[in-house]
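**Student:** My structure is below; once you've seen it, I'll send some questions.
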Amino acid sequence: MAVDALPTGYRKYSKETLTAWLFLLPSLVGFLIFTAGPVLAAGVISLLNWNLFSSPTFAGLKNFARLGPDPTFWSALGNTVYFTFVSVPLTIVVSLALALLLNQGLRYVAVFRSLLLLPYATITVAVAFVWIWLYIPHDGLVNAVLGWFGISGPAWLISDDWAMPALIAMSVWKSFGFGMVVFLAGLQAIPQQLYEAAKVDGSSAWQTFRNVTLPMLSPSLFFVVVTSVIGSFQVFDQALIMTNGGPGSRTTTLVMYIYRTGFENYDQGYAAAQSLVLFGFIVVITAAQFVLQRRLVHYDN
């Protein structure tokens, strides 16, 4: 049946639906080619023995069975979890604090917002090289500043204890701009009447933040947490450039181990199995966050 032959209401609905699909089509095609396609390909490759140069042979689930007794895999997973559950809260705290500061009606707020967003917009490799210089044990700026207070700074990037915190500090600095912009947009969308009512009730600054700002900001907070966790589980660039996974394997992340397995050891099947496990972890954690958001996130209707 032609669209023009439909009743007016159905005709309008059909045109709106067609228009929506046309706008969604480029993103959908990109998702199928660059996301869904590689995931399906990884699923197939994980069942093979393949070194990229010879013909693949069927391996079944043997690549997944290799994960259990592989200490490097579990070490890399532990490093990734450690990185995620330290860097994400720190990034959110810094982002939210700066958003609250910029929301106070400061002069030249657009300039400050742009400057604070620059680290996020800068290529990670370039930022990593700058931070390598900052972390130089004797001549680096970080240890020079610590020396002003009588503190002898460590050899950050080659220290068993400080290499991962050094990566986390760099990553927080690199990432806070994104969360800051999201939080600032959320803060500016909160009705001022709520703050006026809280002031009339005699609420303190902390009570206003806890009972007004935080609940109204929860959708933005949820979005930043989900995207930050997903991004942190895929950390790769800064660890590769700044420490190359060292010292030992203290900063070897799961994505770095997958890269080495697939493109240095040419074990594509095992690398694909590892990537699917990482994908599963991300899916489970994201799903858990969506379950929690039903209780914690306030949507203003």
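Each chain in the structure tokens gets a letter, A, B, ..., in the order shown, and its residues are numbered from 1; ligands are numbered from 1 in order too.
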Just the residues within 12 Å of region 289-291 of chain A, please, counting only C-alpha atoms, with nothing from its chain fewer than 2 positions along; format it as a list in words.
**Tutor:** Pro219, Leu221, Phe222, Phe223, Val224, Val225, Val226, Thr227, Ser228, Val229, Ile230, Ile282, Val283, Val284, Ile285, Thr286, Ala287, Gln293, Arg294, Arg295, Leu296 and Val297 of chain A
**Student:** Using backbone DSSP assignments, extract all helix (DSSP H, G or I) residues from region 92-300 of chain A; output them as a ChimeraX atom specification.
**Tutor:** /A:92-102,109-121,124-134,141-148,156-158,163-188,192-200,205-233,237-242,254-263,268-296
**Student:** Taking 6 positions as the minimum chain separation for residues in the same chain, which residues sit within 9 Å of Val212 (chain A) when counting only C-alpha atoms? Answer as a list in words.
**Tutor:**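 Close residues of Val212 (chain A): Ile190, Leu194, Tyr195 and Ala198 of chain A.
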**Student:** Just want the 12 Å neighbourhood of Gln192 (chain A), counted on only C-alpha atoms, with same-chain residues fewer than 5 positions away dropped. Output as an MDAnalysis selection string.
**Tutor:** chainID A and resid 187 197:199 208 212:213 216
**Student:** Please produce a file of the residues just selected, as a CSV table (one decimal), in the first residue's frame, where the atoms kept are N, CA and C atoms.
**Tutor:**
chain,number,residue,atom,x,y,z
A,187,LEU,N,24.4,20.8,35.4
A,187,LEU,CA,24.2,21.8,36.5
A,187,LEU,C,23.4,23.0,36.0
A,197,ALA,N,14.2,27.4,47.0
A,197,ALA,CA,13.4,26.7,48.0
A,197,ALA,C,14.3,26.2,49.1
A,198,ALA,N,15.5,25.6,48.7
A,198,ALA,CA,16.4,25.1,49.7
A,198,ALA,C,17.0,26.2,50.6
A,199,LYS,N,17.2,27.4,50.0
A,199,LYS,CA,17.7,28.5,50.8
A,199,LYS,C,16.7,29.0,51.8
A,208,THR,N,22.3,21.4,50.5
A,208,THR,CA,21.8,21.8,49.2
A,208,THR,C,22.4,20.9,48.1
A,212,VAL,N,19.7,18.5,46.6
A,212,VAL,CA,19.2,19.1,45.3
A,212,VAL,C,20.1,18.8,44.2
A,213,THR,N,21.4,19.3,44.3
A,213,THR,CA,22.3,19.2,43.1
A,213,THR,C,22.6,17.7,42.7
A,216,MET,N,19.5,15.8,41.1
A,216,MET,CA,19.2,16.4,39.8
A,216,MET,C,20.3,16.1,38.8
**Student:** Neighbouring residues of Pro89 (chain A) were defined as those with any atom within 12 Å, considering only C-alpha atoms; residues of the same chain fewer than 5 positions away were excluded. Please report them as JSON, numbers by chain.
**Tutor:** {"A": [82, 83, 84, 94, 95, 96, 168, 169, 171, 172, 175, 176, 179, 221, 224, 225, 226, 228, 229, 232]}
**Student:** List the neighbours of Gly245 (chain A) out to 12 Å using only C-alpha atoms; skip same-chain residues closer than 3 positions along the sequence, and give me the result as a count of residues only.
**Tutor:** 32
**Student:** As an exercise, work out the distance from CA of Gly43 (chain A) to CA of Pro69 (chain A) in Å and give it to one decimal place.
**Tutor:** 21.1 Å
**Student:** Find, counting only C-alpha atoms, the residue in A:Tyr108, A:Trp162, A:Phe279, A:Tyr270 that gets nearest to Ala65 (chain A).
**Tutor:**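 The shortest atom-to-atom distance to Ala65 (chain A) comes from A:Tyr270.
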**Student:** Can you pull out the residues contacting Ile123 (chain A)? Cut-off 10 Å, using only C-alpha atoms, and skip same-chain residues under 5 positions away; I want them as a PyMOL selection string.
**Tutor:** chain A and resi 118+128+174+237
**Student:** Write out, as a PDB file, in the first residue's frame, the residues just selected, with C-alpha atoms.
**Tutor:**
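Written output follows (out.pdb):
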ATOM      1  CA  LEU A 118      42.221  21.025  26.116  1.00  0.00           C
ATOM      2  CA  ALA A 128      52.036  10.683  27.325  1.00  0.00           C
ATOM      3  CA  LYS A 174      43.684  13.705  30.374  1.00  0.00           C
ATOM      4  CA  ASP A 237      47.990   4.108  24.757  1.00  0.00           C
TER       5      ASP A 237
END
